[in-house]
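For reference, the structure is listed below as structure tokens.
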Amino acid sequence: MGGLGSMGRVDCDVLVIGGGIVGLSTAHALARLAPGTRVVVLEKEDGPARHQTGRNSGVIHSGIYYKPGSLKARFAVRGAAEMVKFCAEHGIAHEVTGKLIVATERDELPRLHALVQRGRENGIPVRELGPTQISEYEPQVRGLAAIHVGTTGIVDYGRVAEQLAESSGAEIVYGGAVDLISRRASGVAVRTSTGLVVRARVLVNCAGLQCDRIARLAGDDPGMRIVPFRGEYYDLVRPELVHGLVYPVPDPAFPFLGVHLTRGIGGGVHVGPNAVPALAREGYGWGTVRPRDLADELAWPGSWRMAARHWRYGAGEVWRSVSKPAFVEAVRRLLPAVTAADLVPAAAGVRAQAVLRDGTLVDDFLIRESARTVHVLNAPSPAATASLPIGREIASRALTALRAA
């Protein structure tokens, strides 16, 4: 692995745009599926995993939430086991902790039972718990019923991304954003803001928060737009209140899991995230506003249709963002002992949510192909968990395009 200087030119077989965990997993898979394939990864930041990968709660998801047969379900179940094995092989700190999903209201009980059935369909070990059994796992947590999912774990995905970068064998170029793509019958040429030109036989778009823009630069209509949702976290001052991972029962109408409590590898406990519209694609606070990002979002019909359909839910999320007491109240449903003084602000993340023209929030992974290109247009959670099998899937599609070329 090395760096390329600005104002140069390089030729390769596969060019991957995006140095998050999905792009790096793709490069890693290419090296193993087709040794000798020349791979270049372009990342606009100065290092890997600076956005979604490095700003999540670090959970190795079991796959219990996802529709049986969906890409999410298949990749998460397989990916969780592979992630644990990968971390063990490379000495990356991780832990299989298990987690509780807790129902605190009676109207959540049917949804909790549906999760039990879904988990079993996906081949995930699930144990049903009553109130007394909840206390055996988490003495401070209160609920009417819960399920324990044994295969959930925790890890630092930033460290995983660094290891994937080291072991991929790809040429990784940091510090230049892609600003021009020229696609011809003979291949694809890409220019970055530093003046570097990369010519490739196949292009793979793993640009996350910028993936729809990269698709359009390549001359493809992605049929969706990225609408960024910021997830805001707090750190728990009294981490001893929580032993492991505690989640609410999610609302199936939304691809978000709700405010949860996650003990991290370092021993601290993250509380969150909520899901509020961000005012920039990389807007990690209300003070970050980018007119171009807002204009793109407002010009997309799907944004307005999504807002009309889900404005009540969105209003609640915004209220919990601007009102700490409201956020504390949401946490107290699971953890009654928590107070406002127990929560201190932590770094936020932004989710790259694909929204279709009709306002649909895309729930599954979305991968589309055209001549000499593979576009990853929706890779939300559990993309980090599932990154190794996702990387193989993307790499296999890239290799098919390479053979066709």
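All residue names refer to the structure tokens as shown: chains lettered A, B, ... in order, residues numbered from 1 in each chain, ligands numbered from 1 in order.
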Please build the interface table for range 77-194 of chain A against range 203-210 of chain A with a cut-off of 9 Å, listing for each qualifying residue the nearest atom pair and the distance in Å to one decimal; count only C-alpha atoms, order rows by chain and increasing number, and write it as a tab-separated table.
```
residue	atom	partner	partner_atom	distance
A:Gly187	CA	A:Leu203	CA	8.7
A:Val188	CA	A:Leu203	CA	6.8
A:Ala189	CA	A:Leu203	CA	8.9
```
Go ahead and save the residues from that selection, with all heavy atoms, as a CSV table (one decimal), in the first residue's frame.
```
chain,number,residue,atom,x,y,z
A,187,GLY,N,-12.7,2.3,-21.2
A,187,GLY,CA,-12.5,2.4,-19.7
A,187,GLY,C,-13.0,3.6,-19.1
A,187,GLY,O,-13.8,4.4,-19.7
A,188,VAL,N,-12.6,3.9,-17.9
A,188,VAL,CA,-13.1,5.0,-17.1
A,188,VAL,C,-11.9,5.8,-16.6
A,188,VAL,O,-11.0,5.3,-16.1
A,188,VAL,CB,-14.0,4.5,-15.9
A,188,VAL,CG1,-14.5,5.7,-15.1
A,188,VAL,CG2,-15.1,3.6,-16.3
A,189,ALA,N,-12.0,7.1,-16.8
A,189,ALA,CA,-11.0,8.0,-16.3
A,189,ALA,C,-11.6,8.9,-15.2
A,189,ALA,O,-12.7,9.5,-15.4
A,189,ALA,CB,-10.4,8.9,-17.4
```
For Gly19 in chain A, the nearest of the candidates A:Leu144, A:Arg118, A:His310, A:Glu162, counting only C-alpha atoms: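 Using only C-alpha atoms, the shortest distance to Gly19 in chain A belongs to A:Glu162.
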Long-range neighbours of Arg142 in chain A as a list in words, 8 Å cut-off, only C-alpha atoms, 6 positions minimum in chain: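 Using only C-alpha atoms, the neighbours found are Thr104, Pro131, Ile134, Ser135, Arg333, Leu334, Leu335 and Pro336 of chain A.
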Sorted per-residue table, range 286-384 of chain A near range 214-237 of chain A, closest atoms and distance, 10 Å, only C-alpha atoms, as CSV:
```
residue,atom,partner,partner_atom,distance
A:Trp286,CA,A:Arg230,CA,9.3
A:Asp293,CA,A:Val227,CA,9.0
A:Leu294,CA,A:Val227,CA,9.3
A:Asp296,CA,A:Arg225,CA,8.3
A:Glu297,CA,A:Val227,CA,6.4
A:Leu298,CA,A:Val227,CA,9.7
A:Ala299,CA,A:Arg225,CA,10.0
A:Trp300,CA,A:Arg225,CA,7.2
A:Pro301,CA,A:Arg225,CA,9.7
A:Gly302,CA,A:Arg225,CA,8.1
A:Ser303,CA,A:Val227,CA,7.5
A:Glu317,CA,A:Gly231,CA,9.8
A:Arg320,CA,A:Glu232,CA,9.7
A:Ser321,CA,A:Glu232,CA,7.4
A:Phe327,CA,A:Tyr234,CA,9.8
A:Val338,CA,A:Leu236,CA,8.6
A:Thr339,CA,A:Leu236,CA,9.7
A:Ala340,CA,A:Leu236,CA,9.9
A:Ala341,CA,A:Val237,CA,7.8
A:Asp342,CA,A:Val237,CA,4.8
A:Leu343,CA,A:Leu236,CA,5.0
A:Val344,CA,A:Tyr234,CA,5.2
A:Pro345,CA,A:Tyr234,CA,4.4
A:Ala346,CA,A:Tyr234,CA,4.8
A:Ala347,CA,A:Tyr233,CA,6.4
A:Ala348,CA,A:Glu232,CA,4.6
A:Gly349,CA,A:Gly231,CA,5.1
A:Val350,CA,A:Arg230,CA,4.2
A:Arg351,CA,A:Phe229,CA,5.2
A:Ala352,CA,A:Pro228,CA,5.1
A:Gln353,CA,A:Val227,CA,5.3
A:Ala354,CA,A:Ile226,CA,4.6
A:Val355,CA,A:Met224,CA,5.4
A:Leu356,CA,A:Met224,CA,4.5
A:Arg357,CA,A:Met224,CA,6.2
A:Asp358,CA,A:Met224,CA,9.4
A:Gly359,CA,A:Met224,CA,9.4
A:Thr360,CA,A:Met224,CA,9.5
A:Leu361,CA,A:Val227,CA,9.3
A:Val362,CA,A:Met224,CA,9.0
A:Ile367,CA,A:Pro222,CA,9.8
A:Arg368,CA,A:Pro222,CA,7.9
A:Glu369,CA,A:Asp220,CA,9.3
A:Ser370,CA,A:Asp220,CA,7.7
A:Ala371,CA,A:Asp220,CA,9.5
A:Thr373,CA,A:Ala218,CA,8.3
A:Val374,CA,A:Ala215,CA,9.1
A:His375,CA,A:Ala215,CA,6.7
A:Val376,CA,A:Ala215,CA,9.2
A:Leu377,CA,A:Pro222,CA,7.5
A:Asn378,CA,A:Ile226,CA,8.4
```
Test item, strand (DSSP E or B) assignment across range 201-325 of chain A, answer as number ranges by chain: A: 201-205, 224-231, 234-236, 245-248, 260-263, 269-272, 276-277
Nearest candidate to Val84 in chain A (options A:Met306, A:Ile394, A:Ala386, A:Leu196; using only C-alpha atoms): A:Ala386
Near His28 in chain A, counting only C-alpha atoms, which residues have an atom at most 12 Å away, once you skip same-chain residues fewer than 4 positions from it, shown as a tab-separated table (two decimals) with all heavy atoms, in the first residue's frame?
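Now in part_39.tsv:
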```
chain	number	residue	atom	x	y	z
A	1	MET	N	0.85	-1.20	0.00
A	1	MET	CA	0.00	0.00	0.00
A	1	MET	C	0.88	1.24	0.00
A	1	MET	O	1.90	1.30	0.68
A	1	MET	CB	-0.89	0.00	1.24
A	1	MET	CG	-1.88	1.15	1.29
A	1	MET	SD	-2.75	1.20	2.86
A	1	MET	CE	-1.42	1.76	3.94
A	16	VAL	N	-11.80	1.98	-6.89
A	16	VAL	CA	-12.83	2.07	-5.86
A	16	VAL	C	-12.85	3.50	-5.33
A	16	VAL	O	-11.82	4.00	-4.88
A	16	VAL	CB	-12.57	1.08	-4.71
A	16	VAL	CG1	-13.67	1.23	-3.64
A	16	VAL	CG2	-12.52	-0.35	-5.22
A	19	GLY	N	-13.13	5.39	0.88
A	19	GLY	CA	-12.27	4.65	1.79
A	19	GLY	C	-12.92	4.38	3.13
A	19	GLY	O	-12.24	4.36	4.17
A	21	ILE	N	-15.51	1.50	5.27
A	21	ILE	CA	-15.33	0.07	5.46
A	21	ILE	C	-15.84	-0.74	4.27
A	21	ILE	O	-15.28	-1.79	3.96
A	21	ILE	CB	-16.00	-0.39	6.78
A	21	ILE	CG1	-15.43	-1.73	7.22
A	21	ILE	CG2	-17.52	-0.40	6.67
A	21	ILE	CD1	-15.79	-2.11	8.64
A	22	VAL	N	-16.86	-0.26	3.56
A	22	VAL	CA	-17.37	-1.01	2.40
A	22	VAL	C	-16.38	-0.94	1.24
A	22	VAL	O	-16.09	-1.96	0.61
A	22	VAL	CB	-18.76	-0.49	1.99
A	22	VAL	CG1	-19.22	-1.15	0.70
A	22	VAL	CG2	-19.77	-0.75	3.11
A	23	GLY	N	-15.86	0.25	0.95
A	23	GLY	CA	-14.87	0.37	-0.11
A	23	GLY	C	-13.61	-0.43	0.17
A	23	GLY	O	-13.07	-1.11	-0.71
A	24	LEU	N	-13.14	-0.38	1.41
A	24	LEU	CA	-11.92	-1.11	1.77
A	24	LEU	C	-12.16	-2.61	1.80
A	24	LEU	O	-11.27	-3.39	1.44
A	24	LEU	CB	-11.40	-0.61	3.12
A	24	LEU	CG	-10.91	0.84	3.10
A	24	LEU	CD1	-10.64	1.35	4.50
A	24	LEU	CD2	-9.66	1.00	2.22
A	32	ARG	N	-8.31	-11.14	-2.78
A	32	ARG	CA	-8.44	-12.56	-2.46
A	32	ARG	C	-9.18	-13.35	-3.55
A	32	ARG	O	-8.86	-14.50	-3.79
A	32	ARG	CB	-9.15	-12.71	-1.11
A	32	ARG	CG	-8.17	-12.52	0.04
A	32	ARG	CD	-8.70	-11.78	1.23
A	32	ARG	NE	-7.60	-11.48	2.14
A	32	ARG	CZ	-6.75	-10.46	1.97
A	32	ARG	NH1	-6.87	-9.66	0.92
A	32	ARG	NH2	-5.75	-10.26	2.81
A	33	LEU	N	-10.12	-12.71	-4.20
A	33	LEU	CA	-10.85	-13.40	-5.26
A	33	LEU	C	-10.06	-13.46	-6.56
A	33	LEU	O	-10.20	-14.41	-7.33
A	33	LEU	CB	-12.19	-12.69	-5.51
A	33	LEU	CG	-13.23	-12.76	-4.40
A	33	LEU	CD1	-14.43	-11.89	-4.74
A	33	LEU	CD2	-13.67	-14.20	-4.15
A	34	ALA	N	-9.26	-12.43	-6.82
A	34	ALA	CA	-8.50	-12.37	-8.08
A	34	ALA	C	-7.13	-11.77	-7.81
A	34	ALA	O	-6.88	-10.59	-8.10
A	34	ALA	CB	-9.26	-11.55	-9.10
A	35	PRO	N	-6.22	-12.54	-7.21
A	35	PRO	CA	-4.88	-12.03	-6.93
A	35	PRO	C	-4.22	-11.47	-8.19
A	35	PRO	O	-4.36	-12.03	-9.28
A	35	PRO	CB	-4.12	-13.27	-6.42
A	35	PRO	CG	-5.19	-14.18	-5.90
A	35	PRO	CD	-6.37	-13.94	-6.79
A	37	THR	N	-5.00	-8.52	-9.41
A	37	THR	CA	-5.83	-7.42	-9.91
A	37	THR	C	-5.30	-6.10	-9.37
A	37	THR	O	-5.06	-5.95	-8.16
A	37	THR	CB	-7.30	-7.60	-9.45
A	37	THR	OG1	-7.77	-8.87	-9.92
A	37	THR	CG2	-8.18	-6.50	-10.01
A	38	ARG	N	-5.08	-5.15	-10.24
A	38	ARG	CA	-4.56	-3.84	-9.81
A	38	ARG	C	-5.71	-2.98	-9.33
A	38	ARG	O	-6.61	-2.67	-10.10
A	38	ARG	CB	-3.82	-3.15	-10.96
A	38	ARG	CG	-2.59	-3.92	-11.47
A	38	ARG	CD	-2.09	-3.30	-12.78
A	38	ARG	NE	-3.11	-3.38	-13.82
A	38	ARG	CZ	-3.08	-2.69	-14.96
A	38	ARG	NH1	-2.08	-1.84	-15.19
A	38	ARG	NH2	-4.05	-2.81	-15.85
A	39	VAL	N	-5.67	-2.61	-8.06
A	39	VAL	CA	-6.77	-1.88	-7.43
A	39	VAL	C	-6.25	-0.57	-6.85
A	39	VAL	O	-5.22	-0.53	-6.17
A	39	VAL	CB	-7.43	-2.72	-6.30
A	39	VAL	CG1	-8.59	-1.94	-5.67
A	39	VAL	CG2	-7.90	-4.06	-6.83
A	40	VAL	N	-6.99	0.50	-7.12
A	40	VAL	CA	-6.72	1.80	-6.50
A	40	VAL	C	-7.97	2.22	-5.74
A	40	VAL	O	-9.09	2.06	-6.24
A	40	VAL	CB	-6.35	2.87	-7.56
A	40	VAL	CG1	-6.30	4.27	-6.93
A	40	VAL	CG2	-5.01	2.54	-8.20
A	41	VAL	N	-7.79	2.75	-4.54
A	41	VAL	CA	-8.89	3.30	-3.74
A	41	VAL	C	-8.65	4.80	-3.59
A	41	VAL	O	-7.56	5.22	-3.18
A	41	VAL	CB	-8.96	2.64	-2.35
A	41	VAL	CG1	-10.09	3.28	-1.52
A	41	VAL	CG2	-9.16	1.14	-2.46
A	160	VAL	N	-10.97	-1.72	12.34
A	160	VAL	CA	-11.18	-2.75	11.32
A	160	VAL	C	-10.86	-2.19	9.94
A	160	VAL	O	-10.19	-2.84	9.12
A	160	VAL	CB	-12.63	-3.27	11.37
A	160	VAL	CG1	-12.91	-4.22	10.19
A	160	VAL	CG2	-12.90	-3.99	12.70
A	161	ALA	N	-11.32	-0.97	9.68
A	161	ALA	CA	-11.06	-0.34	8.37
A	161	ALA	C	-9.57	-0.16	8.14
A	161	ALA	O	-9.07	-0.38	7.03
A	161	ALA	CB	-11.79	0.99	8.29
A	162	GLU	N	-8.86	0.26	9.17
A	162	GLU	CA	-7.41	0.42	9.03
A	162	GLU	C	-6.75	-0.91	8.68
A	162	GLU	O	-5.85	-0.97	7.83
A	162	GLU	CB	-6.83	0.97	10.33
A	162	GLU	CG	-7.21	2.41	10.63
A	162	GLU	CD	-6.82	2.84	12.03
A	162	GLU	OE1	-6.22	2.01	12.76
A	162	GLU	OE2	-7.10	4.00	12.40
A	163	GLN	N	-7.19	-1.99	9.31
A	163	GLN	CA	-6.62	-3.30	9.02
A	163	GLN	C	-6.94	-3.75	7.59
A	163	GLN	O	-6.10	-4.31	6.89
A	163	GLN	CB	-7.13	-4.34	10.02
A	163	GLN	CG	-6.56	-5.74	9.80
A	163	GLN	CD	-5.05	-5.77	9.91
A	163	GLN	OE1	-4.49	-5.33	10.91
A	163	GLN	NE2	-4.37	-6.29	8.89
A	164	LEU	N	-8.18	-3.49	7.14
A	164	LEU	CA	-8.54	-3.83	5.78
A	164	LEU	C	-7.67	-3.06	4.78
A	164	LEU	O	-7.24	-3.61	3.76
A	164	LEU	CB	-10.02	-3.52	5.53
A	164	LEU	CG	-11.03	-4.45	6.19
A	164	LEU	CD1	-12.43	-3.85	6.13
A	164	LEU	CD2	-11.01	-5.83	5.53
A	165	ALA	N	-7.41	-1.78	5.09
A	165	ALA	CA	-6.55	-0.98	4.21
A	165	ALA	C	-5.15	-1.56	4.15
A	165	ALA	O	-4.54	-1.65	3.07
A	165	ALA	CB	-6.51	0.46	4.71
A	166	GLU	N	-4.64	-1.98	5.30
A	166	GLU	CA	-3.27	-2.53	5.35
A	166	GLU	C	-3.16	-3.84	4.60
A	166	GLU	O	-2.13	-4.12	3.97
A	166	GLU	CB	-2.86	-2.73	6.81
A	166	GLU	CG	-2.66	-1.44	7.59
A	166	GLU	CD	-2.43	-1.69	9.07
A	166	GLU	OE1	-2.16	-2.85	9.44
A	166	GLU	OE2	-2.53	-0.73	9.86
A	167	SER	N	-4.20	-4.67	4.67
A	167	SER	CA	-4.10	-6.02	4.11
A	167	SER	C	-4.68	-6.16	2.70
A	167	SER	O	-4.63	-7.24	2.12
A	167	SER	CB	-4.78	-7.02	5.04
A	167	SER	OG	-6.14	-6.69	5.25
A	168	SER	N	-5.23	-5.06	2.16
A	168	SER	CA	-5.87	-5.16	0.84
A	168	SER	C	-4.87	-5.26	-0.30
A	168	SER	O	-5.18	-5.81	-1.36
A	168	SER	CB	-6.78	-3.96	0.61
A	168	SER	OG	-6.00	-2.78	0.45
A	169	GLY	N	-3.69	-4.68	-0.10
A	169	GLY	CA	-2.72	-4.64	-1.19
A	169	GLY	C	-3.04	-3.59	-2.23
A	169	GLY	O	-2.34	-3.47	-3.24
A	170	ALA	N	-4.07	-2.81	-2.01
A	170	ALA	CA	-4.47	-1.78	-2.98
A	170	ALA	C	-3.61	-0.53	-2.81
A	170	ALA	O	-3.04	-0.28	-1.75
A	170	ALA	CB	-5.94	-1.42	-2.79
A	171	GLU	N	-3.53	0.26	-3.86
A	171	GLU	CA	-2.93	1.59	-3.78
A	171	GLU	C	-4.02	2.53	-3.27
A	171	GLU	O	-5.05	2.70	-3.91
A	171	GLU	CB	-2.46	2.03	-5.15
A	171	GLU	CG	-1.54	3.25	-5.14
A	171	GLU	CD	-0.11	2.90	-4.73
A	171	GLU	OE1	0.30	1.74	-4.91
A	171	GLU	OE2	0.58	3.80	-4.25
A	172	ILE	N	-3.82	3.11	-2.11
A	172	ILE	CA	-4.85	3.95	-1.49
A	172	ILE	C	-4.38	5.40	-1.51
A	172	ILE	O	-3.29	5.72	-1.03
A	172	ILE	CB	-5.14	3.49	-0.05
A	172	ILE	CG1	-5.57	2.02	-0.05
A	172	ILE	CG2	-6.25	4.36	0.57
A	172	ILE	CD1	-5.88	1.45	1.31
A	387	SER	N	-19.69	-6.01	6.32
A	387	SER	CA	-18.78	-5.47	5.31
A	387	SER	C	-17.98	-6.54	4.58
A	387	SER	O	-17.70	-6.39	3.39
A	387	SER	CB	-17.84	-4.45	5.95
A	387	SER	OG	-17.15	-5.01	7.05
A	388	LEU	N	-17.61	-7.63	5.23
A	388	LEU	CA	-16.80	-8.65	4.54
A	388	LEU	C	-17.61	-9.36	3.46
A	388	LEU	O	-17.15	-9.43	2.31
A	388	LEU	CB	-16.20	-9.62	5.56
A	388	LEU	CG	-15.16	-8.98	6.50
A	388	LEU	CD1	-14.79	-9.93	7.61
A	388	LEU	CD2	-13.93	-8.56	5.72
A	389	PRO	N	-18.81	-9.88	3.74
A	389	PRO	CA	-19.58	-10.47	2.63
A	389	PRO	C	-20.07	-9.44	1.62
A	389	PRO	O	-20.15	-9.75	0.42
A	389	PRO	CB	-20.76	-11.17	3.33
A	389	PRO	CG	-20.80	-10.62	4.70
A	389	PRO	CD	-19.42	-10.21	5.04
A	390	ILE	N	-20.37	-8.21	2.06
A	390	ILE	CA	-20.75	-7.17	1.10
A	390	ILE	C	-19.58	-6.90	0.16
A	390	ILE	O	-19.74	-6.77	-1.06
A	390	ILE	CB	-21.14	-5.86	1.80
A	390	ILE	CG1	-22.46	-6.00	2.53
A	390	ILE	CG2	-21.26	-4.71	0.79
A	390	ILE	CD1	-22.81	-4.79	3.36
A	391	GLY	N	-18.39	-6.80	0.73
A	391	GLY	CA	-17.20	-6.57	-0.09
A	391	GLY	C	-17.01	-7.64	-1.14
A	391	GLY	O	-16.67	-7.34	-2.30
A	392	ARG	N	-17.25	-8.90	-0.76
A	392	ARG	CA	-17.13	-10.00	-1.73
A	392	ARG	C	-18.18	-9.88	-2.82
A	392	ARG	O	-17.89	-10.14	-3.99
A	392	ARG	CB	-17.26	-11.35	-1.03
A	392	ARG	CG	-16.01	-11.80	-0.30
A	392	ARG	CD	-16.04	-13.29	0.00
A	392	ARG	NE	-17.24	-13.66	0.74
A	392	ARG	CZ	-17.36	-13.58	2.06
A	392	ARG	NH1	-16.36	-13.10	2.78
A	392	ARG	NH2	-18.46	-13.96	2.66
A	393	GLU	N	-19.40	-9.51	-2.44
A	393	GLU	CA	-20.46	-9.36	-3.43
A	393	GLU	C	-20.13	-8.26	-4.44
A	393	GLU	O	-20.27	-8.45	-5.66
A	393	GLU	CB	-21.79	-9.03	-2.72
A	393	GLU	CG	-22.95	-8.69	-3.64
A	393	GLU	CD	-23.46	-9.87	-4.44
A	393	GLU	OE1	-23.19	-11.03	-4.05
A	393	GLU	OE2	-24.13	-9.64	-5.47
A	394	ILE	N	-19.68	-7.13	-3.94
A	394	ILE	CA	-19.33	-6.02	-4.83
A	394	ILE	C	-18.13	-6.39	-5.69
A	394	ILE	O	-18.10	-6.13	-6.90
A	394	ILE	CB	-19.03	-4.75	-4.01
A	394	ILE	CG1	-20.26	-4.33	-3.20
A	394	ILE	CG2	-18.59	-3.61	-4.92
A	394	ILE	CD1	-19.96	-3.32	-2.11
A	395	ALA	N	-17.14	-7.03	-5.07
A	395	ALA	CA	-15.94	-7.43	-5.81
A	395	ALA	C	-16.27	-8.42	-6.92
A	395	ALA	O	-15.74	-8.33	-8.03
A	395	ALA	CB	-14.92	-8.04	-4.85
A	396	SER	N	-17.18	-9.36	-6.63
A	396	SER	CA	-17.55	-10.34	-7.66
A	396	SER	C	-18.25	-9.66	-8.83
A	396	SER	O	-18.04	-10.02	-9.99
A	396	SER	CB	-18.42	-11.45	-7.06
A	396	SER	OG	-19.68	-10.94	-6.67
```
May I ask for the distance between CA of Leu245 in chain A and CA of Leu366 in chain A, given in Å to one decimal place?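 Atom-to-atom, CA of Leu245 in chain A and CA of Leu366 in chain A are spaced 28.2 Å apart.
Here CA of Val10 in chain A is placed at a distance of 28.5 Å from CA of Gly54 in chain A.
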